[in-house]
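Chemist: Next comes target-v7.csv, CSV, C-alpha atoms:
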chain,number,residue,atom,x,y,z
A,607,MET,CA,73.3,119.6,-8.7
A,608,ASN,CA,71.5,118.8,-5.5
A,609,VAL,CA,73.2,115.7,-4.1
A,610,ALA,CA,69.9,114.5,-2.6
A,611,LEU,CA,68.5,114.2,-6.1
A,612,GLN,CA,71.2,112.0,-7.4
A,613,PHE,CA,70.1,108.4,-8.1
A,614,THR,CA,72.3,105.4,-7.5
A,615,ALA,CA,72.0,102.4,-9.8
A,616,TYR,CA,71.2,99.8,-7.2
A,617,GLU,CA,69.0,101.8,-4.9
A,618,CYS,CA,66.3,99.5,-3.5
A,619,SER,CA,63.6,102.1,-4.1
A,620,ARG,CA,63.9,101.3,-7.8
A,621,LEU,CA,63.0,97.7,-7.0
A,622,GLU,CA,60.1,98.8,-4.8
A,623,HIS,CA,58.7,101.0,-7.6
A,624,VAL,CA,59.1,98.3,-10.3
A,625,PHE,CA,57.5,95.7,-8.0
A,626,ALA,CA,54.6,98.1,-7.3
A,627,ARG,CA,54.1,98.8,-11.0
A,628,CYS,CA,53.9,95.1,-11.6
A,629,PHE,CA,51.9,93.8,-8.7
A,630,GLU,CA,50.3,96.4,-6.5
A,631,ALA,CA,47.0,96.6,-8.4
A,632,THR,CA,46.8,93.0,-9.6
A,633,GLU,CA,48.2,91.2,-6.5
A,634,GLN,CA,47.7,93.8,-3.8
A,635,THR,CA,51.3,93.3,-2.8
A,636,LEU,CA,54.1,95.8,-2.0
A,637,LEU,CA,57.8,95.4,-1.5
A,638,ALA,CA,59.2,97.2,1.6
A,639,GLY,CA,62.7,97.5,3.0
A,640,GLY,CA,64.0,98.3,6.4
A,641,ALA,CA,63.2,95.0,8.1
A,642,SER,CA,65.7,93.4,10.5
A,643,GLU,CA,64.8,90.0,8.8
A,644,PRO,CA,63.0,89.3,5.6
A,645,TYR,CA,59.3,88.5,6.1
A,646,TYR,CA,56.1,88.1,4.1
A,647,ARG,CA,53.0,89.5,5.8
A,648,PRO,CA,49.7,88.6,4.1
A,649,ALA,CA,46.9,91.1,4.1
A,650,ASP,CA,44.4,90.9,7.0
A,651,SER,CA,41.5,92.9,8.5
A,652,ALA,CA,43.9,95.6,9.6
A,653,GLN,CA,46.0,95.8,6.4
A,654,SER,CA,44.5,95.5,2.9
A,655,GLN,CA,47.8,94.8,1.1
A,656,HIS,CA,50.3,92.0,1.4
A,657,LEU,CA,53.7,93.2,2.4
A,658,LEU,CA,57.0,91.6,1.3
A,659,TYR,CA,59.8,92.8,3.5
A,660,TYR,CA,63.4,92.6,2.7
A,661,ARG,CA,66.4,93.1,5.0
A,662,GLU,CA,67.4,96.7,5.7
A,663,ASP,CA,68.3,98.3,2.4
A,664,PHE,CA,70.1,95.3,0.8
A,665,PHE,CA,69.5,95.0,-2.9
A,666,ALA,CA,70.2,91.3,-3.0
A,667,SER,CA,67.8,90.7,-0.1
A,668,ALA,CA,65.1,92.5,-2.0
A,669,LEU,CA,65.7,90.4,-5.2
A,670,HIS,CA,65.8,87.2,-3.1
A,671,GLU,CA,62.5,87.9,-1.4
A,672,ILE,CA,60.9,88.9,-4.8
A,673,SER,CA,62.1,85.5,-6.0
A,674,HIS,CA,60.4,83.6,-3.2
A,675,TRP,CA,57.2,85.6,-3.8
A,676,CYS,CA,57.2,84.8,-7.5
A,677,LEU,CA,57.3,81.1,-6.7
A,678,ALA,CA,54.7,81.1,-3.9
A,679,GLY,CA,51.3,79.9,-5.1
A,680,ILE,CA,48.0,81.5,-4.0
A,681,GLU,CA,47.7,79.3,-0.9
A,682,ARG,CA,51.2,80.1,0.3
A,683,ARG,CA,50.6,83.8,-0.3
A,684,GLN,CA,47.9,83.7,2.3
A,685,LEU,CA,50.3,82.4,5.0
A,686,PRO,CA,52.8,84.5,7.1
A,687,ASP,CA,56.3,84.0,5.5
A,688,PHE,CA,54.6,81.7,2.9
A,689,GLY,CA,54.4,79.0,5.6
A,690,TYR,CA,58.1,78.3,5.4
A,691,TRP,CA,60.2,77.3,8.4
A,692,TYR,CA,63.6,78.8,9.0
A,693,ALA,CA,66.3,77.3,11.1
A,694,PRO,CA,69.0,79.8,12.1
A,695,GLU,CA,72.7,79.6,11.4
A,696,GLY,CA,74.3,76.5,12.9
A,697,ARG,CA,72.0,74.0,11.1
A,698,THR,CA,72.8,70.3,11.1
A,699,PRO,CA,73.9,68.8,7.8
A,700,GLU,CA,70.3,67.4,7.4
A,701,GLN,CA,68.8,70.8,8.1
A,702,GLN,CA,71.2,72.4,5.7
A,703,ARG,CA,70.3,70.0,2.9
A,704,ALA,CA,66.6,70.7,3.5
A,705,PHE,CA,67.3,74.4,3.4
A,706,GLU,CA,69.2,74.1,0.1
A,707,GLN,CA,66.5,72.0,-1.4
A,708,VAL,CA,63.9,74.8,-0.9
A,709,GLU,CA,66.4,77.5,-2.0
A,710,ILE,CA,67.4,76.1,-5.4
A,711,LYS,CA,64.4,77.6,-7.3
A,712,PRO,CA,64.3,81.0,-5.5
A,713,GLN,CA,68.1,81.5,-5.9
A,714,SER,CA,68.0,80.6,-9.6
A,715,ILE,CA,65.2,83.1,-10.1
A,716,GLU,CA,67.2,85.6,-8.1
A,717,TRP,CA,70.1,85.0,-10.4
A,718,CYS,CA,67.9,85.8,-13.4
A,719,LEU,CA,66.5,88.9,-11.8
A,720,SER,CA,70.1,90.0,-10.9
A,721,ARG,CA,71.0,89.7,-14.6
A,722,ALA,CA,68.0,91.8,-15.5
A,723,CYS,CA,69.4,94.6,-13.2
A,724,GLY,CA,73.0,94.1,-14.2
A,725,TYR,CA,73.7,93.3,-10.5
A,726,PRO,CA,76.2,90.6,-9.4
A,727,PHE,CA,74.6,87.4,-8.0
A,728,ARG,CA,76.1,85.2,-5.3
A,729,VAL,CA,74.6,82.0,-4.0
A,730,SER,CA,73.8,82.0,-0.3
A,731,VAL,CA,73.9,78.9,1.9
A,732,ASP,CA,73.2,81.1,4.9
A,733,ASN,CA,75.1,78.8,7.3
A,734,PHE,CA,78.5,78.6,8.7
A,735,THR,CA,80.3,75.6,10.3
A,736,PRO,CA,81.3,75.9,14.0
A,737,ASP,CA,84.8,77.0,12.9
A,738,GLY,CA,83.3,79.9,10.9
A,739,THR,CA,83.8,78.5,7.4
A,740,LEU,CA,81.1,77.8,4.9
A,741,PRO,CA,80.0,74.2,4.3
A,742,ASP,CA,80.7,72.6,0.9
A,743,THR,CA,78.5,74.4,-1.6
A,744,ARG,CA,79.4,72.5,-4.8
A,745,TRP,CA,76.2,70.4,-4.9
A,746,PHE,CA,74.0,73.4,-4.2
A,747,ARG,CA,75.7,75.7,-6.7
A,748,ALA,CA,75.4,73.0,-9.4
A,749,GLN,CA,71.6,72.7,-8.6
A,750,VAL,CA,71.2,76.5,-8.8
A,751,LEU,CA,73.0,76.5,-12.1
A,752,ALA,CA,70.9,73.7,-13.6
A,753,GLN,CA,67.7,75.4,-12.5
A,754,ALA,CA,68.8,78.8,-14.0
A,755,GLN,CA,69.6,77.0,-17.2
A,756,HIS,CA,66.1,75.3,-17.1
A,757,TRP,CA,64.4,78.7,-16.7
A,758,GLN,CA,66.5,80.0,-19.5
A,759,LEU,CA,65.3,77.2,-21.9
A,760,HIS,CA,61.7,76.8,-20.6
A,761,GLY,CA,60.8,80.3,-19.3
A,762,LEU,CA,60.4,81.7,-15.9
A,763,PRO,CA,57.2,81.3,-13.9
A,764,THR,CA,54.6,84.0,-14.9
A,765,ARG,CA,55.2,86.6,-12.2
A,766,ALA,CA,59.0,86.1,-12.3
A,767,GLN,CA,58.9,86.7,-16.1
A,768,GLN,CA,56.8,89.8,-15.6
A,769,ILE,CA,59.2,91.4,-13.2
A,770,TYR,CA,62.2,90.2,-15.2
A,771,ALA,CA,61.0,92.1,-18.2
A,772,ALA,CA,60.1,95.2,-16.1
A,773,LEU,CA,63.6,95.1,-14.4
A,774,CYS,CA,65.2,94.9,-17.9
A,775,ASP,CA,63.3,98.0,-18.9
A,776,GLU,CA,64.1,99.8,-15.6
A,777,PHE,CA,67.8,99.0,-15.6
A,778,GLY,CA,68.4,99.2,-19.4
A,779,THR,CA,69.5,95.6,-19.9
A,780,THR,CA,68.6,94.2,-23.3
A,781,THR,CA,69.6,90.6,-23.3
A,782,ALA,CA,66.6,88.3,-23.3
A,783,LEU,CA,66.7,85.4,-20.8
A,784,PRO,CA,67.1,82.8,-23.6
A,785,ASP,CA,70.2,84.7,-24.8
A,786,GLN,CA,71.8,84.8,-21.3
A,787,ARG,CA,74.7,82.6,-20.5
A,788,PHE,CA,74.7,80.9,-17.1
A,789,THR,CA,77.9,79.0,-16.1
A,790,ALA,CA,79.5,77.5,-13.1
A,791,ALA,CA,82.3,80.0,-13.3
A,792,ASP,CA,79.7,82.8,-12.6
A,793,LEU,CA,79.1,81.3,-9.2
A,794,ASP,CA,82.8,81.2,-8.1
Output the file's structure in the form of structure tokens.
Modeler:
Amino acid sequence: MNVALQFTAYECSRLEHVFARCFEATEQTLLAGGASEPYYRPADSAQSQHLLYYREDFFASALHEISHWCLAGIERRQLPDFGYWYAPEGRTPEQQRAFEQVEIKPQSIEWCLSRACGYPFRVSVDNFTPDGTLPDTRWFRAQVLAQAQHWQLHGLPTRAQQIYAALCDEFGTTTALPDQRFTAADLD
């Protein structure tokens, strides 16, 4: 067998193809890897499609950026990087709390999409203290869990549900979101 033709389970190109099948025609949006940092570039006069870039070839980065895109409304999808701010590592406690507030919903959707792929999920606070340790994540993890359980009971936003179902088909997972079990222990 030709090694170049072998297909790994968590190859990002699979996510790109599923995303394109779901949203290229209807939303004129493509998912693309290879970026040094994640970024959303809306269409403009030089480029007819919106581009959602994820970091390098990281599967989790692609899922995370898809999650942000699924939440962004039509107005935000017309703005570079959805109009969000980003403070780099070394944030103050206040900046970190603001970061966590806007990350609860995307990370809970990312967790659902990870489940659709059979891929492990880890919360990301994306910030280290000056001594190199992570800040206390208990509050944030509890909020991500509560939001994932909310989506489970009340359904995902429309585009998130669409790609969740497509990812379940692509990756052969059969457990519907209402039948998933999200627990705090999953986030340890």
Chemist: Which of these, A:Thr743, A:Thr779, A:Gln786, A:Thr632, has the shortest distance to Pro699 in chain A once you count only C-alpha atoms?
Modeler: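 Ranking A:Thr743, A:Thr779, A:Gln786, A:Thr632 by distance to Pro699 in chain A, first place goes to A:Thr743.
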Chemist: Write out, as CSV, each residue of range 613-686 of chain A that has an atom at most 12 Å from range 707-723 of chain A, together with the closest pair of atoms and their distance in Å to one decimal, counting all atoms listed in the file, rows going by chain and rising number.
Modeler:
residue,atom,partner,partner_atom,distance
A:Ala615,CA,A:Cys723,CA,8.9
A:Tyr616,CA,A:Cys723,CA,8.1
A:Glu617,CA,A:Cys723,CA,11.0
A:Cys618,CA,A:Cys723,CA,11.3
A:Arg620,CA,A:Cys723,CA,10.2
A:Leu621,CA,A:Cys723,CA,9.4
A:Val624,CA,A:Cys723,CA,11.3
A:Phe625,CA,A:Leu719,CA,11.9
A:Phe665,CA,A:Ser720,CA,9.5
A:Ala666,CA,A:Ser720,CA,8.0
A:Ser667,CA,A:Glu716,CA,9.5
A:Ala668,CA,A:Glu716,CA,9.4
A:Leu669,CA,A:Glu716,CA,5.8
A:His670,CA,A:Glu716,CA,5.4
A:Glu671,CA,A:Pro712,CA,8.2
A:Ile672,CA,A:Glu716,CA,7.8
A:Ser673,CA,A:Pro712,CA,5.0
A:His674,CA,A:Pro712,CA,5.2
A:Trp675,CA,A:Pro712,CA,8.6
A:Cys676,CA,A:Pro712,CA,8.3
A:Leu677,CA,A:Pro712,CA,7.1
A:Ala678,CA,A:Pro712,CA,9.7
Chemist: Just C-alpha atoms for this one: save the residues we selected as a compact mmCIF listing (two decimals), in the coordinates of the input.
Modeler:
# COMPACT_ATOMS: atom_id res chain seq x y z
CA ALA A 615 72.00 102.40 -9.80
CA TYR A 616 71.20 99.80 -7.20
CA GLU A 617 69.00 101.80 -4.90
CA CYS A 618 66.30 99.50 -3.50
CA ARG A 620 63.90 101.30 -7.80
CA LEU A 621 63.00 97.70 -7.00
CA VAL A 624 59.10 98.30 -10.30
CA PHE A 625 57.50 95.70 -8.00
CA PHE A 665 69.50 95.00 -2.90
CA ALA A 666 70.20 91.30 -3.00
CA SER A 667 67.80 90.70 -0.10
CA ALA A 668 65.10 92.50 -2.00
CA LEU A 669 65.70 90.40 -5.20
CA HIS A 670 65.80 87.20 -3.10
CA GLU A 671 62.50 87.90 -1.40
CA ILE A 672 60.90 88.90 -4.80
CA SER A 673 62.10 85.50 -6.00
CA HIS A 674 60.40 83.60 -3.20
CA TRP A 675 57.20 85.60 -3.80
CA CYS A 676 57.20 84.80 -7.50
CA LEU A 677 57.30 81.10 -6.70
CA ALA A 678 54.70 81.10 -3.90
Chemist: Mind checking which residues fall within 9 Å of Thr789 in chain A, counting all atoms listed in the file, ignoring those fewer than 3 positions away in the same chain, and posting them as an NGL selection string?
Modeler: :A and (751 or 755 or 792-793)
Chemist: I need the residue nearest Glu630 in chain A from this list: A:His656, A:Arg682, A:Arg747, A:Arg647. Use all atoms listed in the file for the distance.
Modeler: A:His656
Chemist: When you draw a straight line from CA of Tyr659 in chain A to CA of Gly640 in chain A, how long is it in Å?
Modeler: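 These two atoms are separated by 7.5 Å.
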Chemist: Would you work out the distance separating CA of Cys774 in chain A from CA of Phe629 in chain A, expressed in Å to one decimal?
Modeler: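 Spanning CA of Cys774 in chain A to CA of Phe629 in chain A is a straight-line distance of 16.2 Å.
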Chemist: Hey, could you patch up range 613-624 of chain A with all heavy atoms and hand it over as a short mmCIF file (atom, residue, chain, number, x, y, z; two decimals), in the frame of the given file?
Modeler:
data_model
loop_
_atom_site.label_atom_id
_atom_site.label_comp_id
_atom_site.auth_asym_id
_atom_site.auth_seq_id
_atom_site.Cartn_x
_atom_site.Cartn_y
_atom_site.Cartn_z
N PHE A 613 70.72 109.72 -8.14
CA PHE A 613 70.10 108.40 -8.10
C PHE A 613 71.18 107.35 -8.28
O PHE A 613 71.87 107.38 -9.29
CB PHE A 613 69.04 108.32 -9.16
CG PHE A 613 68.06 107.23 -8.96
CD1 PHE A 613 67.22 107.22 -7.88
CD2 PHE A 613 67.98 106.20 -9.88
CE1 PHE A 613 66.29 106.22 -7.71
CE2 PHE A 613 67.05 105.20 -9.71
CZ PHE A 613 66.20 105.22 -8.62
N THR A 614 71.34 106.44 -7.34
CA THR A 614 72.30 105.40 -7.50
C THR A 614 71.70 104.21 -8.26
O THR A 614 70.50 103.97 -8.14
CB THR A 614 72.91 104.91 -6.18
OG1 THR A 614 71.85 104.40 -5.38
CG2 THR A 614 73.62 106.03 -5.45
N ALA A 615 72.51 103.49 -8.98
CA ALA A 615 72.00 102.40 -9.80
C ALA A 615 71.29 101.32 -9.04
O ALA A 615 70.25 100.83 -9.47
CB ALA A 615 73.18 101.80 -10.61
N TYR A 616 71.82 100.94 -7.89
CA TYR A 616 71.20 99.80 -7.20
C TYR A 616 70.54 100.27 -5.88
O TYR A 616 70.67 99.65 -4.84
CB TYR A 616 72.29 98.75 -6.91
CG TYR A 616 72.84 98.24 -8.21
CD1 TYR A 616 74.17 98.40 -8.54
CD2 TYR A 616 72.00 97.62 -9.13
CE1 TYR A 616 74.65 97.95 -9.76
CE2 TYR A 616 72.47 97.17 -10.34
CZ TYR A 616 73.80 97.34 -10.65
OH TYR A 616 74.27 96.90 -11.85
N GLU A 617 69.77 101.30 -6.00
CA GLU A 617 69.00 101.80 -4.90
C GLU A 617 67.71 100.93 -4.82
O GLU A 617 67.00 100.74 -5.81
CB GLU A 617 68.61 103.25 -5.18
CG GLU A 617 68.10 103.99 -4.00
CD GLU A 617 68.01 105.47 -4.32
OE1 GLU A 617 69.06 106.13 -4.35
OE2 GLU A 617 66.88 105.92 -4.55
N CYS A 618 67.42 100.43 -3.64
CA CYS A 618 66.30 99.50 -3.50
C CYS A 618 64.95 100.14 -3.82
O CYS A 618 64.02 99.43 -4.21
CB CYS A 618 66.27 98.98 -2.04
SG CYS A 618 67.65 97.88 -1.69
N SER A 619 64.85 101.44 -3.71
CA SER A 619 63.60 102.10 -4.10
C SER A 619 63.21 101.81 -5.51
O SER A 619 62.02 101.75 -5.85
CB SER A 619 63.62 103.58 -3.77
OG SER A 619 64.60 104.20 -4.56
N ARG A 620 64.19 101.62 -6.36
CA ARG A 620 63.90 101.30 -7.80
C ARG A 620 63.19 99.94 -7.83
O ARG A 620 62.23 99.78 -8.60
CB ARG A 620 65.17 101.24 -8.60
CG ARG A 620 65.80 102.60 -8.80
CD ARG A 620 67.07 102.51 -9.60
NE ARG A 620 66.78 102.38 -11.03
CZ ARG A 620 67.72 102.25 -11.96
NH1 ARG A 620 68.99 102.20 -11.62
NH2 ARG A 620 67.40 102.15 -13.23
N LEU A 621 63.66 98.97 -7.06
CA LEU A 621 63.00 97.70 -7.00
C LEU A 621 61.58 97.78 -6.49
O LEU A 621 60.65 97.16 -7.00
CB LEU A 621 63.80 96.67 -6.19
CG LEU A 621 65.18 96.29 -6.70
CD1 LEU A 621 65.88 95.38 -5.71
CD2 LEU A 621 65.10 95.64 -8.07
N GLU A 622 61.43 98.58 -5.43
CA GLU A 622 60.10 98.80 -4.80
C GLU A 622 59.13 99.37 -5.86
O GLU A 622 57.98 98.94 -5.94
CB GLU A 622 60.19 99.67 -3.61
CG GLU A 622 60.92 99.01 -2.45
CD GLU A 622 61.12 99.94 -1.26
OE1 GLU A 622 60.49 101.03 -1.21
OE2 GLU A 622 61.92 99.59 -0.38
N HIS A 623 59.59 100.35 -6.62
CA HIS A 623 58.70 101.00 -7.60
C HIS A 623 58.37 100.02 -8.75
O HIS A 623 57.22 99.96 -9.17
CB HIS A 623 59.38 102.25 -8.19
CG HIS A 623 59.49 103.36 -7.19
ND1 HIS A 623 58.40 103.96 -6.59
CD2 HIS A 623 60.58 103.97 -6.67
CE1 HIS A 623 58.81 104.88 -5.75
NE2 HIS A 623 60.13 104.90 -5.77
N VAL A 624 59.36 99.26 -9.22
CA VAL A 624 59.10 98.30 -10.30
C VAL A 624 58.11 97.23 -9.79
O VAL A 624 57.14 96.87 -10.48
CB VAL A 624 60.39 97.65 -10.82
CG1 VAL A 624 60.10 96.48 -11.75
CG2 VAL A 624 61.25 98.69 -11.52
#
